[in-house]
Amino acid sequence: MTRVSVAERVARLRDDFDRSFAEPARVFDDENIELLAVRAGDRPYAVRLDQSSGIHPDRPVTALPTTVRALLGVAGYAGTVVPVYDLAALLGHPIPQRPRWLLLTTGAPPLALAFHELERHLRVPAADVIDGADRRGCLHGMVRLADGNRPIVDVPAVRELVHQLAGHRPVPEEIR
């Protein structure tokens, strides 16, 4: 890929994402689900668009002294300090390099998830989403796509894991 095509792709992704927040909320009568196709480490995932409140490339993250390898540090959003966790590490994968993208999640308290690549916005028929949870509980279901199936990251379950890692709740044995 040339530099021009990468810049064009980034601009298109940014415009599509911004437009999705600028347009009035759409109702699909449970016929379609909107997702973001991302890569955490070298693995493909999907995140429900309604579980995110923003996405930011190359956002500065201030490191903190910690023994929690998934905690990258904190970032500032509209005057609020938000903890940033590496999604690949939370899902138990090696961390090949520092993630470039931050997903600000919905819900409280504020939380940002860092991931390595934003691939595209997806609008898929609900019939293409298969329900089910993994044993660690951070993934819920899978979406069938032409280029392969992708597990769907469950942001509320990830938030619960972060609370456990921060010492607010016991950490299950299989995650330690």
# chains A, B, ... in the order shown; residues from 1 in each chain; ligands from 1

$ residues_around --residues "segment 123-129 of chain A" --least-positions-apart "4" --cutoff "10 Å" --atoms "only C-alpha atoms" --output "mmCIF file with N, CA, C and O atoms, in the first residue's frame"
data_model
loop_
_atom_site.group_PDB
_atom_site.id
_atom_site.type_symbol
_atom_site.label_atom_id
_atom_site.label_comp_id
_atom_site.auth_asym_id
_atom_site.auth_seq_id
_atom_site.Cartn_x
_atom_site.Cartn_y
_atom_site.Cartn_z
ATOM 1 N N PHE A 28 -33.335 -0.406 13.764
ATOM 2 C CA PHE A 28 -33.361 -1.455 12.762
ATOM 3 C C PHE A 28 -34.275 -2.605 13.173
ATOM 4 O O PHE A 28 -34.250 -3.654 12.566
ATOM 5 N N ASP A 29 -35.077 -2.413 14.219
ATOM 6 C CA ASP A 29 -35.982 -3.466 14.669
ATOM 7 C C ASP A 29 -35.247 -4.788 14.871
ATOM 8 O O ASP A 29 -35.730 -5.841 14.483
ATOM 9 N N ASP A 30 -34.062 -4.703 15.446
ATOM 10 C CA ASP A 30 -33.252 -5.889 15.725
ATOM 11 C C ASP A 30 -32.863 -6.664 14.471
ATOM 12 O O ASP A 30 -32.499 -7.822 14.544
ATOM 13 N N GLU A 31 -32.964 -6.039 13.312
ATOM 14 C CA GLU A 31 -32.594 -6.718 12.066
ATOM 15 C C GLU A 31 -31.105 -6.601 11.766
ATOM 16 O O GLU A 31 -30.546 -7.460 11.105
ATOM 17 N N ASN A 32 -30.468 -5.507 12.209
ATOM 18 C CA ASN A 32 -29.049 -5.276 11.928
ATOM 19 C C ASN A 32 -28.320 -4.865 13.194
ATOM 20 O O ASN A 32 -28.906 -4.268 14.088
ATOM 21 N N ILE A 33 -27.035 -5.183 13.224
ATOM 22 C CA ILE A 33 -26.173 -4.814 14.345
ATOM 23 C C ILE A 33 -24.968 -4.087 13.776
ATOM 24 O O ILE A 33 -24.390 -4.517 12.771
ATOM 25 N N GLU A 34 -24.583 -2.981 14.427
ATOM 26 C CA GLU A 34 -23.416 -2.212 13.978
ATOM 27 C C GLU A 34 -22.229 -2.549 14.864
ATOM 28 O O GLU A 34 -22.329 -2.560 16.092
ATOM 29 N N LEU A 35 -21.111 -2.830 14.205
ATOM 30 C CA LEU A 35 -19.892 -3.263 14.880
ATOM 31 C C LEU A 35 -18.693 -2.528 14.303
ATOM 32 O O LEU A 35 -18.753 -1.997 13.193
ATOM 33 N N LEU A 36 -17.609 -2.527 15.049
ATOM 34 C CA LEU A 36 -16.313 -2.099 14.545
ATOM 35 C C LEU A 36 -15.440 -3.339 14.441
ATOM 36 O O LEU A 36 -15.346 -4.122 15.393
ATOM 37 N N LEU A 49 -20.819 -1.162 18.262
ATOM 38 C CA LEU A 49 -20.712 0.289 18.169
ATOM 39 C C LEU A 49 -21.455 0.973 19.311
ATOM 40 O O LEU A 49 -20.995 1.998 19.823
ATOM 41 N N HIS A 140 -18.559 -12.241 23.771
ATOM 42 C CA HIS A 140 -19.939 -12.693 23.760
ATOM 43 C C HIS A 140 -20.409 -12.805 22.319
ATOM 44 O O HIS A 140 -20.704 -11.803 21.680
ATOM 45 N N GLY A 141 -20.401 -14.010 21.836
ATOM 46 C CA GLY A 141 -20.879 -14.271 20.494
ATOM 47 C C GLY A 141 -19.804 -14.118 19.443
ATOM 48 O O GLY A 141 -18.642 -13.821 19.727
ATOM 49 N N MET A 142 -20.255 -14.331 18.231
ATOM 50 C CA MET A 142 -19.367 -14.275 17.080
ATOM 51 C C MET A 142 -20.178 -13.731 15.915
ATOM 52 O O MET A 142 -21.375 -13.976 15.819
ATOM 53 N N VAL A 143 -19.516 -12.990 15.038
ATOM 54 C CA VAL A 143 -20.190 -12.499 13.840
ATOM 55 C C VAL A 143 -19.603 -13.227 12.637
ATOM 56 O O VAL A 143 -18.390 -13.379 12.519
ATOM 57 N N ARG A 144 -20.497 -13.704 11.771
ATOM 58 C CA ARG A 144 -20.071 -14.377 10.542
ATOM 59 C C ARG A 144 -19.865 -13.327 9.468
ATOM 60 O O ARG A 144 -20.762 -12.549 9.159
ATOM 61 N N LEU A 145 -18.658 -13.310 8.886
ATOM 62 C CA LEU A 145 -18.318 -12.362 7.826
ATOM 63 C C LEU A 145 -17.742 -13.126 6.644
ATOM 64 O O LEU A 145 -17.257 -14.262 6.802
ATOM 65 N N ASN A 149 -15.042 -15.598 10.586
ATOM 66 C CA ASN A 149 -15.786 -15.264 11.796
ATOM 67 C C ASN A 149 -14.921 -14.432 12.736
ATOM 68 O O ASN A 149 -13.710 -14.612 12.791
ATOM 69 N N ARG A 150 -15.585 -13.539 13.490
ATOM 70 C CA ARG A 150 -14.893 -12.709 14.485
ATOM 71 C C ARG A 150 -15.621 -12.816 15.814
ATOM 72 O O ARG A 150 -16.836 -12.607 15.870
ATOM 73 N N PRO A 151 -14.885 -13.074 16.903
ATOM 74 C CA PRO A 151 -15.499 -12.999 18.226
ATOM 75 C C PRO A 151 -15.885 -11.545 18.527
ATOM 76 O O PRO A 151 -15.210 -10.605 18.089
ATOM 77 N N ILE A 152 -16.962 -11.372 19.281
ATOM 78 C CA ILE A 152 -17.433 -10.033 19.655
ATOM 79 C C ILE A 152 -17.016 -9.753 21.094
ATOM 80 O O ILE A 152 -17.351 -10.514 22.011
#

$ closest_atom_pairs --of "segment 76-167 of chain A" --to "segment 58-65 of chain A" --cutoff "8 Å" --atoms "only C-alpha atoms" --output "CSV"
residue,atom,partner,partner_atom,distance
A:Val84,CA,A:Val61,CA,7.5
A:Arg100,CA,A:Asp58,CA,5.2
A:Trp101,CA,A:Asp58,CA,6.2
A:Leu102,CA,A:Arg59,CA,7.1

$ closest_residue --among "A:Ser5, A:Gln97, A:Ser52, A:Gln164" --to "Leu111 of chain A" --atoms "only C-alpha atoms"
A:Ser52

$ select_by_dssp --residues "chain A" --states "helix (DSSP H, G or I)" --output "MDAnalysis selection string"
chainID A and resid 3:22 49:51 87:90 126:128 155:165 173:175

$ atom_distance --atom1 "atom CA of Phe115 of chain A" --atom2 "atom CA of Tyr85 of chain A"
9.0 Å

$ closest_residue --among "A:Pro99, A:Gly92, A:Pro57, A:Pro109" --to "Leu72 of chain A" --atoms "only C-alpha atoms"
A:Pro99

$ residues_around --residues "Asp154 of chain A" --least-positions-apart "6" --cutoff "9 Å" --atoms "only C-alpha atoms" --output "NGL selection string"
:A and (47-48 or 51 or 133 or 137-141)

$ closest_residue --among "A:Arg98, A:Arg19, A:Ala112, A:Ala7" --to "Thr80 of chain A" --atoms "only C-alpha atoms"
A:Ala112

$ residues_around --residues "Ala40 of chain A" --least-positions-apart "4" --cutoff "7 Å" --atoms "only C-alpha atoms" --output "list in words"
Pro44, Leu87, Ala88, Phe115 and His116 of chain A
